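work.tsv follows (TSV, C-alpha atoms):
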```
chain	number	residue	atom	x	y	z
A	1	MET	CA	-0.50	17.68	-10.36
A	2	GLU	CA	-2.54	20.87	-10.19
A	3	PHE	CA	-5.83	21.45	-8.39
A	4	SER	CA	-7.90	24.61	-8.67
A	5	LEU	CA	-9.09	24.21	-5.07
A	6	LYS	CA	-5.48	24.03	-3.85
A	7	PRO	CA	-3.34	26.33	-6.00
A	8	ASP	CA	-0.37	25.98	-3.62
A	9	PHE	CA	-0.44	22.18	-3.80
A	10	ALA	CA	3.19	21.86	-4.92
A	11	GLU	CA	4.40	23.79	-1.87
A	12	VAL	CA	2.12	21.89	0.49
A	13	LYS	CA	3.21	18.54	-0.91
A	14	LYS	CA	6.79	19.30	0.12
A	15	ARG	CA	5.67	19.48	3.75
A	16	TYR	CA	3.95	16.10	3.51
A	17	ASP	CA	6.97	14.59	1.78
A	18	ALA	CA	9.13	15.88	4.63
A	19	PHE	CA	6.68	14.50	7.21
A	20	TRP	CA	7.14	10.99	5.82
A	21	GLU	CA	10.90	11.40	6.21
A	22	ARG	CA	10.51	12.80	9.76
A	23	ALA	CA	12.03	16.04	8.48
A	24	ILE	CA	11.00	19.70	8.23
A	25	VAL	CA	10.86	22.05	5.23
A	26	ASP	CA	9.67	25.16	7.06
A	27	ARG	CA	7.18	23.75	9.58
A	28	PRO	CA	5.13	20.59	10.22
A	29	PRO	CA	2.01	20.26	8.07
A	30	VAL	CA	-1.18	21.71	9.57
A	31	SER	CA	-4.48	20.51	8.08
A	32	GLY	CA	-8.08	19.83	9.00
A	33	VAL	CA	-9.07	23.51	8.88
A	34	ARG	CA	-11.61	24.65	6.28
A	35	PHE	CA	-13.50	27.91	5.80
A	36	LEU	CA	-16.75	28.38	3.93
A	37	ALA	CA	-16.38	29.77	0.41
A	38	PRO	CA	-18.19	33.05	-0.25
A	39	ASP	CA	-19.96	31.69	-3.35
A	40	ARG	CA	-21.09	28.34	-1.97
A	41	LYS	CA	-23.99	26.50	-3.61
A	42	PRO	CA	-26.79	24.42	-2.08
A	43	LEU	CA	-26.49	20.69	-2.61
A	44	PRO	CA	-29.03	19.00	-4.87
A	45	GLN	CA	-31.45	16.66	-3.08
A	46	LYS	CA	-33.41	13.54	-4.05
A	47	GLU	CA	-35.96	11.27	-2.41
A	48	TYR	CA	-35.36	7.52	-2.16
A	49	ALA	CA	-37.46	4.49	-1.33
A	50	SER	CA	-34.70	3.01	0.85
A	51	GLN	CA	-31.31	3.78	2.39
A	52	ARG	CA	-29.73	1.20	0.12
A	53	GLU	CA	-31.04	2.99	-2.96
A	54	ARG	CA	-29.69	6.30	-1.62
A	55	TRP	CA	-26.22	4.92	-0.83
A	56	LEU	CA	-25.91	3.23	-4.22
A	57	ASP	CA	-26.93	6.21	-6.33
A	58	VAL	CA	-23.22	6.84	-6.77
A	59	ALA	CA	-23.50	9.22	-9.73
A	60	PHE	CA	-25.74	11.57	-7.74
A	61	ARG	CA	-23.59	11.22	-4.61
A	62	ALA	CA	-20.50	12.06	-6.64
A	63	GLU	CA	-22.27	15.17	-7.93
A	64	GLN	CA	-23.12	16.21	-4.35
A	65	LEU	CA	-19.58	15.61	-3.13
A	66	ALA	CA	-18.08	17.57	-6.01
A	67	ILE	CA	-20.35	20.55	-5.40
A	68	ASP	CA	-19.63	20.43	-1.68
A	69	ALA	CA	-15.87	20.40	-2.33
A	70	PHE	CA	-16.22	23.78	-4.03
A	71	ASN	CA	-18.15	25.17	-1.04
A	72	TYR	CA	-14.95	25.50	1.01
A	73	VAL	CA	-11.52	27.05	0.87
A	74	TYR	CA	-8.56	24.96	2.04
A	75	PRO	CA	-5.96	27.01	3.92
A	76	ALA	CA	-2.56	25.96	5.28
A	77	ASP	CA	-1.97	22.29	4.40
A	78	THR	CA	-5.61	21.22	4.28
A	79	LEU	CA	-6.24	19.30	1.07
A	80	PRO	CA	-9.46	19.17	-0.98
A	81	VAL	CA	-9.91	15.41	-0.63
A	82	VAL	CA	-13.06	13.59	-1.71
A	83	TRP	CA	-13.28	9.82	-1.33
A	84	PRO	CA	-15.98	7.30	-2.31
A	85	ASN	CA	-17.60	6.02	0.88
A	86	LEU	CA	-19.84	2.94	0.87
A	87	GLY	CA	-19.33	2.14	4.54
A	88	PRO	CA	-16.44	0.76	6.61
A	89	GLU	CA	-16.87	-2.96	5.81
A	90	ILE	CA	-17.34	-2.72	2.06
A	91	PHE	CA	-14.35	-4.98	1.31
A	92	SER	CA	-16.01	-7.73	3.37
A	93	ALA	CA	-19.20	-7.22	1.37
A	94	TRP	CA	-17.20	-7.77	-1.82
A	95	CYS	CA	-16.12	-11.08	-0.27
A	96	GLY	CA	-19.59	-12.45	0.41
A	97	CYS	CA	-21.09	-10.72	3.44
A	98	ALA	CA	-24.63	-9.41	3.25
A	99	TYR	CA	-24.55	-5.63	3.60
A	100	GLU	CA	-27.00	-3.34	5.36
A	101	PHE	CA	-27.31	0.45	5.11
A	102	SER	CA	-28.58	2.99	7.63
A	103	ALA	CA	-28.79	6.77	7.37
A	104	SER	CA	-25.15	7.29	8.38
A	105	THR	CA	-23.26	4.00	8.04
A	106	ALA	CA	-23.31	0.44	6.77
A	107	TRP	CA	-22.46	-2.94	8.26
A	108	THR	CA	-22.08	-6.59	7.33
A	109	ARG	CA	-23.70	-9.83	8.35
A	110	PRO	CA	-21.18	-12.66	8.88
A	111	CYS	CA	-20.93	-15.24	6.12
A	112	ILE	CA	-18.56	-17.81	7.66
A	113	GLU	CA	-20.63	-20.12	9.83
A	114	ASN	CA	-18.34	-23.12	9.42
A	115	TRP	CA	-14.64	-22.75	8.62
A	116	GLU	CA	-14.46	-26.00	6.65
A	117	THR	CA	-17.43	-25.33	4.38
A	118	ASP	CA	-17.70	-21.53	4.18
A	119	ALA	CA	-14.21	-20.04	4.30
A	120	ALA	CA	-13.35	-20.93	0.71
A	121	GLU	CA	-16.54	-19.23	-0.49
A	122	ALA	CA	-15.86	-15.95	1.34
A	123	VAL	CA	-13.52	-14.53	-1.29
A	124	PHE	CA	-13.31	-11.38	-3.36
A	125	ASP	CA	-15.70	-11.37	-6.31
A	126	PRO	CA	-15.02	-8.70	-8.97
A	127	GLU	CA	-18.57	-9.30	-10.27
A	128	ASN	CA	-20.12	-8.32	-6.94
A	129	PRO	CA	-22.56	-5.43	-7.61
A	130	LEU	CA	-21.19	-3.49	-4.65
A	131	PHE	CA	-17.68	-3.72	-6.07
A	132	LYS	CA	-18.90	-2.49	-9.43
A	133	ALA	CA	-20.65	0.37	-7.62
A	134	MET	CA	-17.35	1.39	-6.01
A	135	VAL	CA	-15.59	1.34	-9.37
A	136	GLU	CA	-18.33	3.54	-10.82
A	137	PHE	CA	-18.25	5.84	-7.76
A	138	THR	CA	-14.49	6.30	-8.14
A	139	GLU	CA	-14.79	6.93	-11.88
A	140	GLU	CA	-17.52	9.53	-11.32
A	141	LEU	CA	-15.40	11.39	-8.77
A	142	LEU	CA	-12.31	11.26	-10.99
A	143	ALA	CA	-14.26	12.77	-13.87
A	144	ARG	CA	-15.49	15.63	-11.68
A	145	GLY	CA	-12.31	16.13	-9.71
A	146	GLN	CA	-9.77	16.27	-12.51
A	147	GLY	CA	-7.83	19.50	-12.11
A	148	HIS	CA	-9.94	20.59	-9.15
A	149	PHE	CA	-9.81	18.24	-6.12
A	150	ILE	CA	-8.07	15.06	-4.97
A	151	VAL	CA	-9.93	11.75	-5.14
A	152	GLY	CA	-9.02	9.23	-2.45
A	153	LEU	CA	-9.29	5.50	-1.83
A	154	THR	CA	-12.25	4.10	0.06
A	155	ASP	CA	-12.14	2.61	3.58
A	156	PHE	CA	-11.08	-1.00	2.96
A	157	HIS	CA	-10.74	-2.31	6.56
A	158	PRO	CA	-8.68	-5.41	5.69
A	159	GLY	CA	-6.80	-7.88	7.91
A	160	ALA	CA	-8.29	-9.22	11.12
A	161	ASP	CA	-11.06	-6.59	11.03
A	162	HIS	CA	-12.10	-8.09	7.70
A	163	LEU	CA	-12.14	-11.57	9.23
A	164	ALA	CA	-14.17	-10.24	12.16
A	165	ALA	CA	-16.77	-9.07	9.66
A	166	LEU	CA	-16.76	-12.39	7.81
A	167	ARG	CA	-17.05	-14.44	11.00
A	168	ASP	CA	-18.27	-12.12	13.86
A	169	PRO	CA	-15.79	-10.50	16.30
A	170	GLN	CA	-16.63	-12.61	19.36
A	171	ARG	CA	-16.58	-15.86	17.42
A	172	LEU	CA	-13.30	-14.89	15.77
A	173	ALA	CA	-11.76	-14.27	19.20
A	174	MET	CA	-12.70	-17.81	20.22
A	175	ASP	CA	-11.45	-19.14	16.89
A	176	LEU	CA	-7.93	-18.03	17.79
A	177	ILE	CA	-8.08	-20.83	20.36
A	178	ASP	CA	-10.40	-23.33	18.67
A	179	HIS	CA	-9.43	-22.91	14.98
A	180	PRO	CA	-6.01	-21.21	14.89
A	181	THR	CA	-4.86	-22.82	11.64
A	182	ALA	CA	-8.02	-21.83	9.78
A	183	VAL	CA	-7.70	-18.24	11.00
A	184	LYS	CA	-4.06	-17.96	9.98
A	185	GLU	CA	-4.72	-19.41	6.55
A	186	LYS	CA	-7.63	-17.07	5.96
A	187	LEU	CA	-5.64	-14.05	7.09
A	188	LEU	CA	-2.94	-14.87	4.55
A	189	THR	CA	-5.29	-15.41	1.60
A	190	ALA	CA	-7.51	-12.43	2.49
A	191	THR	CA	-4.44	-10.20	2.65
A	192	GLN	CA	-3.51	-11.14	-0.91
A	193	GLU	CA	-7.09	-10.38	-1.98
A	194	TYR	CA	-6.83	-6.97	-0.32
A	195	PHE	CA	-3.61	-6.23	-2.20
A	196	GLN	CA	-5.38	-7.16	-5.45
A	197	VAL	CA	-8.25	-4.80	-4.65
A	198	TYR	CA	-5.94	-2.02	-3.50
A	199	ASP	CA	-4.02	-2.19	-6.78
A	200	ILE	CA	-7.21	-1.88	-8.82
A	201	PHE	CA	-8.13	1.44	-7.23
A	202	TYR	CA	-4.54	2.60	-6.87
A	203	ASN	CA	-4.07	2.20	-10.63
A	204	MET	CA	-7.31	4.10	-11.28
A	205	LEU	CA	-6.16	7.04	-9.17
A	206	ARG	CA	-2.60	7.13	-10.46
A	207	GLY	CA	-3.86	6.73	-14.02
A	208	ALA	CA	-5.75	9.97	-13.43
A	209	LYS	CA	-2.55	11.54	-12.02
A	210	MET	CA	-3.95	11.76	-8.51
A	211	PRO	CA	-1.77	11.53	-5.41
A	212	ILE	CA	-2.84	8.69	-3.14
A	213	THR	CA	-4.92	9.46	-0.07
A	214	SER	CA	-8.02	8.21	1.77
A	215	TRP	CA	-10.17	8.95	4.84
A	216	LEU	CA	-7.01	9.94	6.71
A	217	PRO	CA	-5.82	12.61	4.28
A	218	LEU	CA	-2.08	12.26	4.17
A	219	ILE	CA	-0.76	12.06	0.62
A	220	HIS	CA	1.91	10.20	-1.29
A	221	THR	CA	2.48	9.68	-4.99
A	222	GLY	CA	3.10	5.97	-4.40
A	223	LYS	CA	1.21	3.37	-2.37
A	224	TYR	CA	-0.08	4.89	0.87
A	225	TYR	CA	-2.74	3.63	3.23
A	226	ILE	CA	-3.92	3.35	6.82
A	227	VAL	CA	-2.99	0.13	8.64
A	228	SER	CA	-5.26	-0.90	11.50
A	229	CYS	CA	-6.72	-3.66	13.65
A	230	ASP	CA	-9.61	-2.56	15.85
A	231	PHE	CA	-10.17	-6.23	16.68
A	232	SER	CA	-6.90	-6.13	18.62
A	233	CYS	CA	-8.68	-4.64	21.66
A	234	MET	CA	-10.25	-8.06	22.20
A	235	ILE	CA	-7.06	-10.12	22.34
A	236	SER	CA	-3.86	-10.45	24.35
A	237	PRO	CA	-0.41	-9.25	23.26
A	238	GLN	CA	0.60	-12.90	22.82
A	239	MET	CA	-2.22	-13.55	20.36
A	240	PHE	CA	-1.63	-10.21	18.68
A	241	GLU	CA	1.98	-11.19	18.08
A	242	GLU	CA	1.06	-14.66	16.79
A	243	PHE	CA	-1.92	-13.85	14.58
A	244	ILE	CA	-1.96	-10.13	13.76
A	245	MET	CA	1.64	-9.00	13.53
A	246	PRO	CA	2.55	-11.12	10.46
A	247	VAL	CA	-0.33	-9.53	8.52
A	248	LEU	CA	0.52	-6.00	9.65
A	249	VAL	CA	4.15	-6.47	8.63
A	250	GLU	CA	3.06	-7.76	5.23
A	251	GLU	CA	0.73	-4.77	4.74
A	252	CYS	CA	3.45	-2.29	5.67
A	253	ARG	CA	5.87	-3.95	3.27
A	254	PHE	CA	3.29	-3.80	0.48
A	255	LEU	CA	2.82	-0.05	1.01
A	256	GLU	CA	5.40	2.65	0.43
A	257	ARG	CA	3.95	4.87	3.18
A	258	SER	CA	1.72	3.83	6.06
A	259	ILE	CA	0.17	5.15	9.25
A	260	TYR	CA	-1.27	2.87	11.95
A	261	HIS	CA	-4.75	3.70	13.26
A	262	LEU	CA	-4.46	2.88	16.99
A	263	ASP	CA	-8.01	3.06	18.30
A	264	GLY	CA	-8.77	3.22	22.03
A	265	PRO	CA	-6.97	2.51	25.30
A	266	GLY	CA	-7.60	-1.22	24.85
A	267	ALA	CA	-5.19	-1.22	21.91
A	268	LEU	CA	-2.32	0.48	23.75
A	269	LYS	CA	-1.02	-2.84	25.05
A	270	HIS	CA	0.12	-3.60	21.49
A	271	LEU	CA	1.86	-0.29	20.81
A	272	ASP	CA	5.45	-1.44	21.33
A	273	MET	CA	5.00	-4.32	18.90
A	274	ILE	CA	3.43	-2.02	16.34
A	275	LEU	CA	6.31	0.44	16.70
A	276	SER	CA	8.77	-2.38	16.07
A	277	ILE	CA	7.63	-2.75	12.44
A	278	PRO	CA	10.51	-1.17	10.46
A	279	GLU	CA	8.38	-0.34	7.42
A	280	LEU	CA	5.68	1.50	9.40
A	281	ASP	CA	6.01	5.29	9.06
A	282	ALA	CA	3.58	6.82	11.54
A	283	VAL	CA	0.83	6.33	14.14
A	284	GLN	CA	-2.59	7.91	14.58
A	285	TRP	CA	-3.52	7.56	18.27
A	286	VAL	CA	-7.28	7.89	18.87
A	287	PRO	CA	-7.96	7.83	22.64
A	288	GLY	CA	-11.74	7.73	22.20
A	289	ALA	CA	-14.65	9.67	23.63
A	290	GLY	CA	-14.08	10.72	27.22
A	291	ASN	CA	-10.33	10.18	27.00
A	292	GLU	CA	-9.38	13.33	25.07
A	293	GLY	CA	-6.61	15.71	26.05
A	294	TYR	CA	-3.00	15.85	24.92
A	295	ALA	CA	-1.66	16.04	28.50
A	296	ARG	CA	-3.10	12.61	29.33
A	297	TRP	CA	-1.17	10.95	26.52
A	298	VAL	CA	2.17	12.76	26.40
A	299	GLU	CA	4.02	9.54	27.23
A	300	VAL	CA	2.30	7.70	24.37
A	301	TYR	CA	3.32	10.35	21.84
A	302	GLN	CA	6.87	10.37	23.22
A	303	ARG	CA	7.07	6.59	22.85
A	304	ILE	CA	6.01	6.94	19.22
A	305	GLN	CA	8.61	9.61	18.59
A	306	ARG	CA	11.39	7.71	20.39
A	307	ALA	CA	10.69	4.76	18.08
A	308	GLY	CA	11.42	6.99	15.08
A	309	LYS	CA	7.83	7.13	13.85
A	310	GLY	CA	5.76	10.10	12.78
A	311	MET	CA	2.35	10.90	14.23
A	312	GLN	CA	-0.95	12.64	13.73
A	313	LEU	CA	-1.79	15.17	16.47
A	314	ASP	CA	-5.39	16.22	17.05
A	315	VAL	CA	-5.05	19.02	19.62
A	316	HIS	CA	-6.62	22.30	20.70
A	317	VAL	CA	-4.84	25.63	20.26
A	318	SER	CA	-4.54	25.85	24.04
A	319	GLU	CA	-2.53	22.60	24.11
A	320	LEU	CA	0.18	23.76	21.71
A	321	PRO	CA	2.61	25.07	24.39
A	322	LEU	CA	2.73	21.61	25.99
A	323	VAL	CA	3.20	19.98	22.58
A	324	PHE	CA	6.14	22.28	21.84
A	325	GLU	CA	7.63	21.50	25.25
A	326	THR	CA	7.36	17.71	25.08
A	327	LEU	CA	7.88	16.75	21.41
A	328	ARG	CA	10.15	17.53	18.49
A	329	PRO	CA	8.57	18.96	15.32
A	330	GLU	CA	10.06	16.37	12.97
A	331	GLY	CA	7.42	13.80	12.00
A	332	VAL	CA	4.45	15.66	13.50
A	333	TRP	CA	1.31	16.24	11.44
A	334	PHE	CA	-1.30	18.50	13.01
A	335	HIS	CA	-4.74	17.29	11.92
A	336	PRO	CA	-6.51	19.31	13.14
A	337	ILE	CA	-5.62	22.12	15.52
A	338	ARG	CA	-9.04	22.79	17.03
A	339	GLY	CA	-10.06	26.28	18.08
A	340	ILE	CA	-9.09	27.96	14.81
A	341	THR	CA	-12.19	29.77	13.61
A	342	ASP	CA	-10.87	32.52	11.36
A	343	PRO	CA	-7.94	33.23	9.01
A	344	GLN	CA	-6.26	35.60	11.48
A	345	THR	CA	-6.08	32.97	14.22
A	346	LEU	CA	-4.81	30.45	11.70
A	347	GLU	CA	-2.02	32.79	10.59
A	348	THR	CA	-0.96	33.35	14.21
A	349	VAL	CA	-0.90	29.60	14.87
A	350	LEU	CA	1.07	28.85	11.69
A	351	ASN	CA	3.69	31.44	12.63
A	352	ARG	CA	4.04	29.90	16.08
A	353	VAL	CA	4.30	26.36	14.67
A	354	ALA	CA	7.02	27.58	12.28
A	355	GLN	CA	9.06	28.80	15.26
A	356	TRP	CA	8.98	25.37	16.94
A	357	LYS	CA	12.46	23.95	17.03
```
I'd like the structure from this file rewritten - as structure tokens, please.
Amino acid sequence: MEFSLKPDFAEVKKRYDAFWERAIVDRPPVSGVRFLAPDRKPLPQKEYASQRERWLDVAFRAEQLAIDAFNYVYPADTLPVVWPNLGPEIFSAWCGCAYEFSASTAWTRPCIENWETDAAEAVFDPENPLFKAMVEFTEELLARGQGHFIVGLTDFHPGADHLAALRDPQRLAMDLIDHPTAVKEKLLTATQEYFQVYDIFYNMLRGAKMPITSWLPLIHTGKYYIVSCDFSCMISPQMFEEFIMPVLVEECRFLERSIYHLDGPGALKHLDMILSIPELDAVQWVPGAGNEGYARWVEVYQRIQRAGKGMQLDVHVSELPLVFETLRPEGVWFHPIRGITDPQTLETVLNRVAQWK
């Protein structure tokens, strides 16, 4: 695997491989830092009659993304990753939900009104136009990225978050009490559909000799993905254990490498159960707006490390001394270290990270 936008890819990949093993080659990987290229080009523009038309012009969007990839340089362990984005609930749209587009995101309308009559209809349809658009989007990016940048998987959002889109989050929370059997059955069948979809795009990427990555740009040459359940903030640990944990375990066993997206203080009550999954490799803790600051969450990161899991750290340069004091370097991925604005500062930071023992 060679990429013109990342000529040191082979060396960088060794750091990511070591991260997955909670080991160190020379230092933990440091990514999320880009600098503008000196010969950057303006992006082509088009006018559209609707947001839907703009989002689904995937050939033009792939052209824009490819040009934009060349407008940056990728120092340290930052990777030139481009992934086909059609919104965070696109998998649910492939399974029957109506799908709406705005300027910056997309969302579904629930399609399960009645579990007995609608659940069996809310299934993956490979003939869905939005699925075909994602296949075309991925193919367009692969054609442009070959030998230059890395093409990633889209944001699938499977599991209970998928069911929340099919049903509506509040109604799904009540269904755990009123229709527990229907929910469990749908979680099991929807998970198998997700695996089917994942394999389709995984095979496309590996067939083009791409490493596997996505919106959270770790890499692995085998099956890697982000495991999550934002819906978990709405339910108790008891219900999380009964309904969600079996699906999470199955996802982690399906994947070769995985990182859990733990989103918001309301999800922290489930952390110990999540950490108990043997096949899970790492955790991304996202405290949310207004809750930032490494010092506030030292104990959370230490719990993750004590459980033998890796982690993503999003910290400021000024927070590094406390990180070095409270954690071990093995299994840490810095993404990003904020406050790095020039190559000289980056070099200083990388040297300091390399000294962390």
request  = Would you mind listing what lies within 10 Å of A:Gly293 as a list in words, with all atoms listed in the file counted and same-chain residues fewer than 3 positions away left out?
outcome  = Pro287, Gly290, Arg296, Trp297, Val298, Asp314, Val315, His316 and Glu319 of chain A
For stretch 41-102 of chain A against stretch 333-353 of chain A, with a cut-off of 10 Å and counting all atoms listed in the file, what is the closest atom pair and its distance in Å to one decimal for every residue that makes the cut, ordered by chain and number, as a Markdown table?
```
| residue | atom | partner | partner_atom | distance |
| --- | --- | --- | --- | --- |
| A:Pro75 | CA | A:Pro343 | CA | 8.3 |
| A:Ala76 | CA | A:Leu350 | CA | 7.9 |
| A:Asp77 | CA | A:Phe334 | CA | 9.4 |
| A:Thr78 | CA | A:His335 | CA | 8.6 |
```
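Each of A:Ala69, A:Leu280, A:Ile112, A:Ala103 was checked against A:Gln51 using all atoms listed in the file; the smallest atom-to-atom distance is that of A:Ala103.
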task = Identify which of the residues A:Asn85, A:Thr189, A:Gln170, A:Gln312 lies closest to A:Ile226, counting all atoms listed in the file when measuring atom-to-atom distances.
result = A:Gln312
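Closest to A:Val12 among A:Ile219, A:Ile177, A:Val81, A:Ala282 is A:Ile219, based on only C-alpha atoms.
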task = Rank nothing, just name the residue among A:Asp281, A:Glu185, A:Glu241, A:Glu140 nearest to A:Ala66, using only C-alpha atoms.
result =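 Comparing A:Asp281, A:Glu185, A:Glu241, A:Glu140 against A:Ala66, the winner is A:Glu140.
Take the candidates A:Gln64, A:Asn114, A:Gln355, A:Thr154 and check each one against A:Leu166 using all atoms listed in the file; the shortest distance goes to A:Asn114.
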ask   = Any idea what the distance is between atom CA of A:Phe195 and atom CA of A:Phe137?
value =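 So the answer is 19.8 Å.
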key: Spatial neighbours of A:Tyr74, 8 Å, all atoms listed in the file, chain gap at least 4 places, as a list of chain:residue names   = A:Leu5, A:Lys6, A:Val33, A:Arg34, A:Phe35, A:Thr78, A:Leu79, A:Pro80
File dump, residues just selected, C-alpha atoms, as a PDB file, in the frame of the given file:
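Wrote selection.pdb, looks like this:
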```pdb
ATOM      1  CA  LEU A   5      -9.090  24.210  -5.070  1.00  0.00           C
ATOM      2  CA  LYS A   6      -5.480  24.030  -3.850  1.00  0.00           C
ATOM      3  CA  VAL A  33      -9.070  23.510   8.880  1.00  0.00           C
ATOM      4  CA  ARG A  34     -11.610  24.650   6.280  1.00  0.00           C
ATOM      5  CA  PHE A  35     -13.500  27.910   5.800  1.00  0.00           C
ATOM      6  CA  THR A  78      -5.610  21.220   4.280  1.00  0.00           C
ATOM      7  CA  LEU A  79      -6.240  19.300   1.070  1.00  0.00           C
ATOM      8  CA  PRO A  80      -9.460  19.170  -0.980  1.00  0.00           C
TER       9      PRO A  80
END
```
Pairwise distance for atom CA of A:Phe156 and atom CA of A:Asn291, rounded to one decimal in Å = 26.5 Å
Which residue of A:Trp94, A:Trp115, A:Phe60, A:Phe9 approaches A:Val197 most closely, using only C-alpha atoms =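 Ranked by minimum distance to A:Val197, first place goes to A:Trp94.
You will find atom CA of A:Lys357 at 15.6 Å from atom CA of A:Arg15.
Taking only C-alpha atoms into account, the protein, DNA and RNA residues within 10 Å of (6.0, 17.6, 24.2) read Tyr294, Ala295, Val298, Glu299, Tyr301, Gln302, Glu319, Leu320, Pro321, Leu322, Val323, Phe324, Glu325, Thr326, Leu327, Arg328 and Pro329 of chain A.
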task = Just the residues within 9 Å of A:Asp125, please, counting all atoms listed in the file, with nothing from its chain fewer than 4 positions along; format it as a PyMOL selection string.
result = chain A and resi 94-96+131
Save all heavy atoms of stretch 131-137 of chain A from the block above as a CSV table (one decimal), in the first residue's frame.
```csv
chain,number,residue,atom,x,y,z
A,131,PHE,N,-28.8,3.1,-1.3
A,131,PHE,CA,-27.7,2.2,-1.2
A,131,PHE,C,-26.8,2.2,-2.5
A,131,PHE,O,-25.6,2.2,-2.4
A,131,PHE,CB,-28.2,0.8,-0.9
A,131,PHE,CG,-27.2,-0.3,-0.9
A,131,PHE,CD1,-26.3,-0.4,0.1
A,131,PHE,CD2,-27.0,-1.2,-2.0
A,131,PHE,CE1,-25.3,-1.4,0.1
A,131,PHE,CE2,-26.0,-2.1,-2.0
A,131,PHE,CZ,-25.2,-2.2,-1.0
A,132,LYS,N,-27.5,2.2,-3.6
A,132,LYS,CA,-26.8,2.2,-4.9
A,132,LYS,C,-25.9,3.5,-5.0
A,132,LYS,O,-24.8,3.5,-5.5
A,132,LYS,CB,-27.8,2.1,-6.0
A,132,LYS,CG,-28.4,0.8,-6.1
A,132,LYS,CD,-29.3,0.7,-7.3
A,132,LYS,CE,-29.9,-0.7,-7.5
A,132,LYS,NZ,-30.7,-0.9,-8.7
A,133,ALA,N,-26.5,4.6,-4.4
A,133,ALA,CA,-25.7,5.9,-4.4
A,133,ALA,C,-24.4,5.7,-3.6
A,133,ALA,O,-23.4,6.2,-4.0
A,133,ALA,CB,-26.5,7.0,-3.9
A,134,MET,N,-24.5,5.0,-2.4
A,134,MET,CA,-23.3,4.8,-1.6
A,134,MET,C,-22.3,3.9,-2.3
A,134,MET,O,-21.1,4.1,-2.2
A,134,MET,CB,-23.7,4.2,-0.3
A,134,MET,CG,-22.5,4.0,0.7
A,134,MET,SD,-21.6,5.5,1.0
A,134,MET,CE,-22.8,6.3,2.1
A,135,VAL,N,-22.8,2.9,-3.0
A,135,VAL,CA,-21.8,2.0,-3.8
A,135,VAL,C,-21.1,2.9,-4.9
A,135,VAL,O,-19.9,2.8,-5.0
A,135,VAL,CB,-22.6,0.9,-4.5
A,135,VAL,CG1,-21.7,0.1,-5.4
A,135,VAL,CG2,-23.1,-0.1,-3.4
A,136,GLU,N,-21.9,3.7,-5.6
A,136,GLU,CA,-21.3,4.6,-6.6
A,136,GLU,C,-20.3,5.6,-6.0
A,136,GLU,O,-19.2,5.8,-6.5
A,136,GLU,CB,-22.4,5.3,-7.4
A,136,GLU,CG,-21.9,6.2,-8.4
A,136,GLU,CD,-22.9,7.1,-9.1
A,136,GLU,OE1,-24.1,6.9,-8.8
A,136,GLU,OE2,-22.6,8.0,-9.9
A,137,PHE,N,-20.7,6.2,-4.8
A,137,PHE,CA,-19.8,7.1,-4.1
A,137,PHE,C,-18.5,6.5,-3.8
A,137,PHE,O,-17.4,7.0,-4.0
A,137,PHE,CB,-20.6,7.6,-2.9
A,137,PHE,CG,-20.1,8.9,-2.3
A,137,PHE,CD1,-20.9,9.5,-1.3
A,137,PHE,CD2,-19.0,9.6,-2.8
A,137,PHE,CE1,-20.5,10.8,-0.8
A,137,PHE,CE2,-18.6,10.8,-2.3
A,137,PHE,CZ,-19.3,11.4,-1.3
```
